[in-house]
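For reference, structure_13.pdb is printed below; it contains PDB, C-alpha atoms.
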ATOM      1  CA  MET O1066      32.422 -60.997 -25.323
ATOM      2  CA  ALA O1067      28.773 -59.911 -25.534
ATOM      3  CA  LYS O1068      26.318 -62.372 -27.020
ATOM      4  CA  SER O1069      23.497 -61.624 -29.462
ATOM      5  CA  GLY O1070      21.186 -64.343 -30.756
ATOM      6  CA  GLY O1071      23.471 -67.029 -29.353
ATOM      7  CA  LYS O1072      26.538 -65.680 -31.142
ATOM      8  CA  GLU O1073      29.454 -64.002 -29.498
ATOM      9  CA  GLN O1074      30.143 -60.446 -30.658
ATOM     10  CA  ARG O1075      33.620 -59.002 -30.574
ATOM     11  CA  PRO O1076      34.073 -55.740 -28.681
ATOM     12  CA  ARG O1077      34.042 -52.654 -30.864
ATOM     13  CA  THR O1078      37.404 -51.175 -31.655
ATOM     14  CA  LYS O1079      38.206 -47.624 -30.597
ATOM     15  CA  ALA O1080      37.862 -46.528 -34.203
ATOM     16  CA  GLU O1081      34.389 -48.061 -34.383
ATOM     17  CA  GLN O1082      33.414 -46.404 -31.102
ATOM     18  CA  ARG O1083      34.597 -43.032 -32.378
ATOM     19  CA  ALA O1084      32.688 -43.527 -35.627
ATOM     20  CA  ALA O1085      29.523 -44.418 -33.709
ATOM     21  CA  THR O1086      29.882 -41.358 -31.479
ATOM     22  CA  LEU O1087      30.397 -39.170 -34.527
ATOM     23  CA  GLU O1088      27.181 -40.491 -36.068
ATOM     24  CA  GLN O1089      25.305 -39.745 -32.850
ATOM     25  CA  ILE O1090      26.675 -36.214 -32.857
ATOM     26  CA  LEU O1091      25.702 -35.673 -36.495
ATOM     27  CA  ASP O1092      22.204 -37.089 -35.881
ATOM     28  CA  ALA O1093      21.686 -34.757 -32.926
ATOM     29  CA  ALA O1094      23.076 -31.758 -34.786
ATOM     30  CA  GLU O1095      20.898 -32.492 -37.802
ATOM     31  CA  LEU O1096      17.779 -32.581 -35.639
ATOM     32  CA  LEU O1097      18.623 -29.410 -33.724
ATOM     33  CA  PHE O1098      19.743 -27.416 -36.777
ATOM     34  CA  SER O1099      16.589 -28.499 -38.623
ATOM     35  CA  ARG O1100      14.493 -26.888 -35.890
ATOM     36  CA  HIS O1101      16.544 -23.876 -34.840
ATOM     37  CA  GLY O1102      19.036 -23.097 -37.600
ATOM     38  CA  LEU O1103      22.730 -22.362 -37.196
ATOM     39  CA  ASN O1104      22.325 -19.417 -34.846
ATOM     40  CA  GLY O1105      19.812 -21.130 -32.585
ATOM     41  CA  VAL O1106      22.055 -24.060 -31.641
ATOM     42  CA  THR O1107      25.270 -24.292 -29.610
ATOM     43  CA  LEU O1108      27.827 -27.066 -29.295
ATOM     44  CA  ARG O1109      26.641 -27.416 -25.711
ATOM     45  CA  ASP O1110      23.097 -28.078 -26.982
ATOM     46  CA  VAL O1111      24.342 -30.849 -29.249
ATOM     47  CA  ALA O1112      26.518 -32.366 -26.512
ATOM     48  CA  ARG O1113      23.550 -32.376 -24.138
ATOM     49  CA  LYS O1114      21.378 -34.068 -26.761
ATOM     50  CA  VAL O1115      23.974 -36.808 -27.284
ATOM     51  CA  GLY O1116      24.766 -37.116 -23.578
ATOM     52  CA  VAL O1117      28.461 -36.298 -23.774
ATOM     53  CA  HIS O1118      30.655 -33.557 -22.328
ATOM     54  CA  THR O1119      31.017 -30.418 -24.430
ATOM     55  CA  SER O1120      34.788 -30.856 -24.504
ATOM     56  CA  LEU O1121      34.321 -34.042 -26.539
ATOM     57  CA  MET O1122      32.682 -32.011 -29.303
ATOM     58  CA  HIS O1123      35.979 -30.238 -29.930
ATOM     59  CA  TYR O1124      37.668 -33.595 -30.531
ATOM     60  CA  TYR O1125      35.511 -33.952 -33.644
ATOM     61  CA  PHE O1126      34.831 -30.355 -34.688
ATOM     62  CA  VAL O1127      36.732 -27.093 -34.464
ATOM     63  CA  ASP O1128      33.579 -25.051 -34.030
ATOM     64  CA  LYS O1129      29.824 -25.011 -34.575
ATOM     65  CA  ARG O1130      30.128 -23.938 -38.202
ATOM     66  CA  GLN O1131      32.212 -26.989 -39.046
ATOM     67  CA  LEU O1132      29.618 -29.224 -37.365
ATOM     68  CA  PHE O1133      26.828 -27.467 -39.276
ATOM     69  CA  GLU O1134      28.567 -28.091 -42.584
ATOM     70  CA  ALA O1135      29.418 -31.703 -41.743
ATOM     71  CA  ALA O1136      25.840 -32.484 -40.735
ATOM     72  CA  PHE O1137      24.574 -31.042 -44.015
ATOM     73  CA  ALA O1138      27.206 -32.693 -46.199
ATOM     74  CA  ARG O1139      26.502 -36.173 -44.835
ATOM     75  CA  ARG O1140      23.237 -36.536 -46.762
ATOM     76  CA  ALA O1141      23.338 -33.680 -49.294
ATOM     77  CA  GLY O1142      25.702 -35.510 -51.601
ATOM     78  CA  ILE O1143      23.509 -38.609 -51.529
ATOM     79  CA  THR O1144      20.317 -36.855 -52.579
ATOM     80  CA  SER O1145      22.092 -34.714 -55.170
ATOM     81  CA  ASN O1146      23.731 -37.757 -56.769
ATOM     82  CA  ARG O1147      20.475 -39.710 -56.814
ATOM     83  CA  ARG O1148      18.676 -36.884 -58.590
ATOM     84  CA  MET O1149      21.510 -36.452 -61.084
ATOM     85  CA  GLU O1150      21.346 -40.160 -61.925
ATOM     86  CA  ALA O1151      17.553 -39.987 -62.262
ATOM     87  CA  LEU O1152      17.738 -36.985 -64.603
ATOM     88  CA  GLU O1153      20.457 -38.571 -66.737
ATOM     89  CA  ARG O1154      18.459 -41.798 -66.945
ATOM     90  CA  TYR O1155      15.289 -39.900 -67.869
ATOM     91  CA  GLU O1156      17.164 -37.885 -70.507
ATOM     92  CA  ARG O1157      18.465 -41.084 -72.125
ATOM     93  CA  GLU O1158      15.060 -42.738 -72.086
ATOM     94  CA  ALA O1159      13.195 -39.671 -73.366
ATOM     95  CA  GLY O1160      15.622 -39.066 -76.238
ATOM     96  CA  ASP O1161      14.469 -36.122 -78.314
ATOM     97  CA  SER O1162      11.071 -35.918 -76.624
ATOM     98  CA  PRO O1163      11.434 -35.088 -72.930
ATOM     99  CA  THR O1164       8.424 -33.559 -71.193
ATOM    100  CA  VAL O1165       8.272 -30.967 -68.466
ATOM    101  CA  VAL O1166       6.436 -33.266 -66.073
ATOM    102  CA  GLY O1167       8.850 -36.112 -66.804
ATOM    103  CA  ALA O1168      11.876 -33.958 -65.987
ATOM    104  CA  LEU O1169      10.259 -32.627 -62.817
ATOM    105  CA  ARG O1170       9.297 -36.103 -61.672
ATOM    106  CA  ALA O1171      12.888 -37.276 -62.047
ATOM    107  CA  PHE O1172      14.063 -34.282 -60.021
ATOM    108  CA  LEU O1173      11.332 -34.096 -57.363
ATOM    109  CA  ASP O1174      10.117 -37.661 -56.896
ATOM    110  CA  THR O1175      13.610 -39.083 -56.453
ATOM    111  CA  ASP O1176      14.191 -36.664 -53.595
ATOM    112  CA  LEU O1177      10.771 -37.150 -52.014
ATOM    113  CA  ASP O1178      11.210 -40.933 -52.075
ATOM    114  CA  LEU O1179      14.178 -40.601 -49.702
ATOM    115  CA  TYR O1180      12.176 -38.522 -47.255
ATOM    116  CA  ILE O1181       9.184 -40.875 -47.462
ATOM    117  CA  SER O1182      11.042 -44.143 -46.904
ATOM    118  CA  GLY O1183      14.397 -43.161 -45.401
ATOM    119  CA  GLY O1184      13.310 -42.987 -41.768
ATOM    120  CA  ALA O1185      13.540 -40.279 -39.126
ATOM    121  CA  GLY O1186      17.039 -39.191 -40.131
ATOM    122  CA  TRP O1187      15.993 -38.298 -43.654
ATOM    123  CA  LYS O1188      12.896 -36.498 -42.393
ATOM    124  CA  ASN O1189      15.142 -34.414 -40.138
ATOM    125  CA  PHE O1190      17.417 -33.710 -43.073
ATOM    126  CA  ALA O1191      14.433 -32.575 -45.150
ATOM    127  CA  ALA O1192      13.624 -29.936 -42.534
ATOM    128  CA  PHE O1193      17.340 -29.099 -42.298
ATOM    129  CA  VAL O1194      17.484 -28.427 -46.053
ATOM    130  CA  SER O1195      14.445 -26.184 -45.742
ATOM    131  CA  GLN O1196      16.202 -24.214 -42.997
ATOM    132  CA  VAL O1197      19.455 -23.958 -44.952
ATOM    133  CA  SER O1198      17.772 -22.916 -48.198
ATOM    134  CA  ASN O1199      16.185 -19.928 -46.492
ATOM    135  CA  SER O1200      19.269 -18.668 -44.674
ATOM    136  CA  SER O1201      22.207 -16.560 -45.784
ATOM    137  CA  GLU O1202      24.619 -18.799 -43.889
ATOM    138  CA  GLY O1203      23.441 -21.787 -45.901
ATOM    139  CA  ALA O1204      23.618 -20.260 -49.377
ATOM    140  CA  ALA O1205      27.151 -21.456 -50.120
ATOM    141  CA  MET O1206      26.270 -25.029 -49.128
ATOM    142  CA  MET O1207      23.208 -25.037 -51.378
ATOM    143  CA  ASP O1208      25.370 -23.787 -54.235
ATOM    144  CA  LEU O1209      28.058 -26.395 -53.627
ATOM    145  CA  TYR O1210      25.863 -29.458 -53.340
ATOM    146  CA  PHE O1211      22.837 -28.667 -55.476
ATOM    147  CA  ASP O1212      23.837 -26.316 -58.303
ATOM    148  CA  PRO O1213      25.072 -29.125 -60.613
ATOM    149  CA  VAL O1214      21.841 -31.104 -60.404
ATOM    150  CA  VAL O1215      19.696 -27.968 -60.699
ATOM    151  CA  LEU O1216      21.546 -26.939 -63.858
ATOM    152  CA  LYS O1217      21.039 -30.474 -65.189
ATOM    153  CA  LEU O1218      17.309 -30.077 -64.633
ATOM    154  CA  ILE O1219      17.406 -26.733 -66.448
ATOM    155  CA  SER O1220      19.151 -28.345 -69.424
ATOM    156  CA  VAL O1221      16.449 -31.031 -69.693
ATOM    157  CA  LEU O1222      13.699 -28.429 -69.342
ATOM    158  CA  ARG O1223      15.251 -26.458 -72.216
ATOM    159  CA  LYS O1224      14.782 -29.516 -74.432
ATOM    160  CA  ALA O1225      11.221 -29.978 -73.202
ATOM    161  CA  LEU O1226      10.397 -26.295 -73.788
ATOM    162  CA  PRO O1227      11.993 -25.324 -77.110
ATOM    163  CA  GLY O1228      11.702 -21.623 -77.757
ATOM    164  CA  CYS O1229      11.085 -20.746 -74.118
ATOM    165  CA  PRO O1230      13.415 -18.004 -72.859
ATOM    166  CA  ASP O1231      15.869 -19.106 -70.183
ATOM    167  CA  ARG O1232      14.507 -16.379 -67.936
ATOM    168  CA  GLU O1233      11.108 -18.085 -67.748
ATOM    169  CA  ILE O1234      12.640 -21.512 -67.131
ATOM    170  CA  PHE O1235      14.751 -20.170 -64.271
ATOM    171  CA  TRP O1236      11.734 -18.418 -62.767
ATOM    172  CA  GLY O1237       9.855 -21.673 -63.083
ATOM    173  CA  TYR O1238      12.594 -23.492 -61.205
ATOM    174  CA  HIS O1239      12.545 -20.782 -58.537
ATOM    175  CA  PHE O1240       8.855 -21.438 -57.921
ATOM    176  CA  VAL O1241       9.351 -25.222 -58.005
ATOM    177  CA  THR O1242      12.084 -25.179 -55.387
ATOM    178  CA  GLY O1243      10.133 -22.699 -53.268
ATOM    179  CA  ALA O1244       7.194 -25.096 -53.091
ATOM    180  CA  LEU O1245       9.506 -28.010 -52.350
ATOM    181  CA  MET O1246      11.363 -26.211 -49.560
ATOM    182  CA  HIS O1247       8.110 -25.048 -47.972
ATOM    183  CA  THR O1248       6.873 -28.631 -48.055
ATOM    184  CA  LEU O1249      10.072 -29.972 -46.493
ATOM    185  CA  GLY O1250       9.741 -27.418 -43.699
ATOM    186  CA  ASN O1251       6.679 -29.370 -42.482
ATOM    187  CA  THR O1252       5.197 -26.373 -40.688
ATOM    188  CA  GLY O1253       1.738 -27.872 -40.187
ATOM    189  CA  ARG O1254       0.058 -24.749 -41.569
ATOM    190  CA  ILE O1255      -1.895 -26.574 -44.275
ATOM    191  CA  ASP O1256      -3.152 -28.992 -41.621
ATOM    192  CA  ARG O1257      -4.752 -26.120 -39.741
ATOM    193  CA  LEU O1258      -6.006 -24.282 -42.812
ATOM    194  CA  SER O1259      -7.624 -27.392 -44.277
ATOM    195  CA  GLY O1260      -9.039 -28.609 -40.978
ATOM    196  CA  GLY O1261      -6.990 -31.780 -41.307
ATOM    197  CA  LEU O1262      -8.007 -32.465 -44.902
ATOM    198  CA  CYS O1263      -4.360 -32.096 -45.959
ATOM    199  CA  LYS O1264      -1.303 -33.017 -43.879
ATOM    200  CA  SER O1265       2.008 -31.231 -44.288
ATOM    201  CA  ASP O1266       3.890 -34.436 -43.503
ATOM    202  CA  ASP O1267       1.998 -36.419 -46.154
ATOM    203  CA  LEU O1268       4.881 -36.468 -48.629
ATOM    204  CA  ALA O1269       3.243 -39.224 -50.666
ATOM    205  CA  ALA O1270       0.368 -36.836 -51.414
ATOM    206  CA  VAL O1271       2.864 -34.113 -52.296
ATOM    207  CA  LYS O1272       4.733 -36.481 -54.619
ATOM    208  CA  GLU O1273       1.480 -37.384 -56.367
ATOM    209  CA  ARG O1274       0.700 -33.728 -57.151
ATOM    210  CA  LEU O1275       3.767 -31.478 -57.143
ATOM    211  CA  ALA O1276       5.391 -32.323 -60.473
ATOM    212  CA  SER O1277       2.118 -32.064 -62.420
ATOM    213  CA  PHE O1278       1.186 -28.799 -60.708
ATOM    214  CA  MET O1279       4.568 -27.227 -61.370
ATOM    215  CA  ALA O1280       4.710 -28.522 -64.944
ATOM    216  CA  ALA O1281       1.474 -26.679 -65.663
ATOM    217  CA  GLY O1282       2.922 -23.501 -64.181
ATOM    218  CA  LEU O1283       6.142 -23.740 -66.183
ATOM    219  CA  THR O1284       4.209 -24.401 -69.355
ATOM    220  CA  ALA O1285       2.036 -21.352 -68.699
ATOM    221  CA  LEU O1286       5.111 -19.149 -68.175
ATOM    222  CA  CYS O1287       6.532 -20.252 -71.510
ATOM    223  CA  ALA O1288       3.295 -20.273 -73.497
ATOM    224  CA  ALA O1289       3.579 -16.598 -74.471
ATOM    225  CA  HIS O1290       7.101 -17.036 -75.846
ATOM    226  CA  PRO O1291       7.314 -20.036 -78.233
ATOM    227  CA  LYS O1292       9.285 -19.163 -81.352
ATOM    228  CA  ASN O1293       8.072 -21.886 -83.692
ATOM    229  CA  SER O1294       5.249 -24.313 -84.345
ATOM    230  CA  ARG O1295       7.144 -27.212 -82.781
ATOM    231  CA  ALA O1296       7.291 -25.309 -79.503
ATOM    232  CA  ARG O1297       3.590 -24.499 -79.642
ATOM    233  CA  LYS O1298       2.760 -28.136 -80.251
ATOM    234  CA  ARG O1299       4.990 -29.286 -77.350
ATOM    235  CA  LEU O1300       3.427 -26.753 -74.973
ATOM    236  CA  ALA O1301      -0.046 -27.933 -75.896
ATOM    237  CA  LEU O1302       0.713 -31.518 -74.824
TER     238      LEU O1302
END

What would you get if you wrote out this structure as C-alpha cells?
Amino acid sequence: MAKSGGKEQRPRTKAEQRAATLEQILDAAELLFSRHGLNGVTLRDVARKVGVHTSLMHYYFVDKRQLFEAAFARRAGITSNRRMEALERYEREAGDSPTVVGALRAFLDTDLDLYISGGAGWKNFAAFVSQVSNSSEGAAMMDLYFDPVVLKLISVLRKALPGCPDREIFWGYHFVTGALMHTLGNTGRIDRLSGGLCKSDDLAAVKERLASFMAAGLTALCAAHPKNSRARKRLAL
C-alpha cells in the first residue's frame, strides 16, 4: 500500500478510478468548451487534454453532445439551487418590503461568490455558461437549469416594483443577465479600454457594483408606469 504522512493508504477500487477519470474528463471538457464552444471541440481534443485514448471517451459518453451536457449539468444545478435558496431566504426576511437591489443581490452575488472563491473549475464554468448562454445549442440547457430560479427572481421583483408592467421587468432581467454573461466571458476588453484601471477578471469589483447599477436601470424602466402612490414611493427609495 502507498503511504501518505506515515499512514498507509488502500489502493483505489476500480469504481473510484473510473470516477476519478470521469472527473478529469469533465474538467477538461469544461475548460475546452468554455473557450471554443460545442462546435470547436472534439472528443479527441478532450482525450488529448486528459492524456487518454479517444476510445476511452466512448466508455463514458456516447458522443460529444452528451459530454457537453454532462459537463454543464455538473455545476449548473449547484449554482441554480444556491440562488434559489438565497432568493427564498431573502423573500422571507424582506416580508412585504423587498427591494430591487436586495433581490438582485440575492440572485447575482450568490452566483458571483462561487466564481470568486470556488477555484479554477468554477472560473472555467463561468466562461462555459457565458458560451452556452450565447449559443443556439445551449438554449435548452439554460432553460432547463436556470428558468426556475429566473422566474423566482421575477416574482420577487414584482413585489419590489408594484405597478410595473411585467414587460419592463422582463426587459430589465434581460439586461441584467446580459451584463452578467458578458462579465463571465472574461474577454479582457475592459482591461484594454481602461488601460488596466478595470480588470475583467475582478469579480469582487463586479459584485460590488452590478446589483446597484442594474437596480437603478430596472427602477428607471418602471418609473414611467407606476399605477398608484405606493409604487411611486417604492420607486423613489

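Between atom CA of Tyr1155 of chain O and atom CA of Met1206 of chain O lies a distance of 26.3 Å.
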
Could you work out an axis-aligned box for segment 1176-1184 of chain O, taking every atom the file lists and adding 8 Å on each side, and report centre and edge lengths in Å to one decimal, as lines of an AutoDock Vina configuration file?
center_x = 11.8
center_y = -40.4
center_z = -47.7
size_x = 21.2
size_y = 23.5
size_z = 27.8

Segment 1178-1192 of chain O surroundings by only C-alpha atoms, 10 Å radius, close-in-sequence under 5 positions cut, as an MDAnalysis selection string: chainID O and resid 1092:1100 1136:1137 1139:1141 1143:1144 1147 1173 1197:1198 1245:1252 1266:1269 1272

Same residues, C-alpha atoms, saved as an mmCIF file, keeping the file's coordinate frame:
data_model
loop_
_atom_site.group_PDB
_atom_site.id
_atom_site.type_symbol
_atom_site.label_atom_id
_atom_site.label_comp_id
_atom_site.auth_asym_id
_atom_site.auth_seq_id
_atom_site.Cartn_x
_atom_site.Cartn_y
_atom_site.Cartn_z
ATOM 1 C CA ASP O 1092 22.204 -37.089 -35.881
ATOM 2 C CA ALA O 1093 21.686 -34.757 -32.926
ATOM 3 C CA ALA O 1094 23.076 -31.758 -34.786
ATOM 4 C CA GLU O 1095 20.898 -32.492 -37.802
ATOM 5 C CA LEU O 1096 17.779 -32.581 -35.639
ATOM 6 C CA LEU O 1097 18.623 -29.410 -33.724
ATOM 7 C CA PHE O 1098 19.743 -27.416 -36.777
ATOM 8 C CA SER O 1099 16.589 -28.499 -38.623
ATOM 9 C CA ARG O 1100 14.493 -26.888 -35.890
ATOM 10 C CA ALA O 1136 25.840 -32.484 -40.735
ATOM 11 C CA PHE O 1137 24.574 -31.042 -44.015
ATOM 12 C CA ARG O 1139 26.502 -36.173 -44.835
ATOM 13 C CA ARG O 1140 23.237 -36.536 -46.762
ATOM 14 C CA ALA O 1141 23.338 -33.680 -49.294
ATOM 15 C CA ILE O 1143 23.509 -38.609 -51.529
ATOM 16 C CA THR O 1144 20.317 -36.855 -52.579
ATOM 17 C CA ARG O 1147 20.475 -39.710 -56.814
ATOM 18 C CA LEU O 1173 11.332 -34.096 -57.363
ATOM 19 C CA VAL O 1197 19.455 -23.958 -44.952
ATOM 20 C CA SER O 1198 17.772 -22.916 -48.198
ATOM 21 C CA LEU O 1245 9.506 -28.010 -52.350
ATOM 22 C CA MET O 1246 11.363 -26.211 -49.560
ATOM 23 C CA HIS O 1247 8.110 -25.048 -47.972
ATOM 24 C CA THR O 1248 6.873 -28.631 -48.055
ATOM 25 C CA LEU O 1249 10.072 -29.972 -46.493
ATOM 26 C CA GLY O 1250 9.741 -27.418 -43.699
ATOM 27 C CA ASN O 1251 6.679 -29.370 -42.482
ATOM 28 C CA THR O 1252 5.197 -26.373 -40.688
ATOM 29 C CA ASP O 1266 3.890 -34.436 -43.503
ATOM 30 C CA ASP O 1267 1.998 -36.419 -46.154
ATOM 31 C CA LEU O 1268 4.881 -36.468 -48.629
ATOM 32 C CA ALA O 1269 3.243 -39.224 -50.666
ATOM 33 C CA LYS O 1272 4.733 -36.481 -54.619
#

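Here atom CA of Ala1225 of chain O is placed at a distance of 22.1 Å from atom CA of Asn1146 of chain O.
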
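Comparing the minimum interatomic distances between Glu1150 of chain O and each of O:His1123, O:Lys1129, O:Lys1217, O:Arg1109, counting only C-alpha atoms, we find that O:Lys1217 sits nearest.
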
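If you look at atom CA of Ala1085 of chain O and atom CA of Met1122 of chain O, they are 13.5 Å away from each other.
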
Selection in question (the file shown): the PyMOL selection byres ((chain O and resi 1166) around 9). Which residues does it include, as an MDAnalysis selection string? chainID O and resid 1163:1165 1167:1171 1276:1281

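Once the PyMOL selection byres ((chain O and resi 1232) around 12) is applied to the depicted file, the selected set reads Ile1219, Arg1223, Gly1228, Cys1229, Pro1230, Asp1231, Glu1233, Ile1234, Phe1235, Trp1236, Gly1237, Tyr1238, His1239, Leu1283, Leu1286, Cys1287 and His1290 of chain O.
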
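The shortest atom-to-atom distance to Arg1274 of chain O, with all atoms listed in the file taken into account, belongs to O:Leu1177 out of O:Leu1152, O:Leu1177, O:Pro1213, O:Asp1128.
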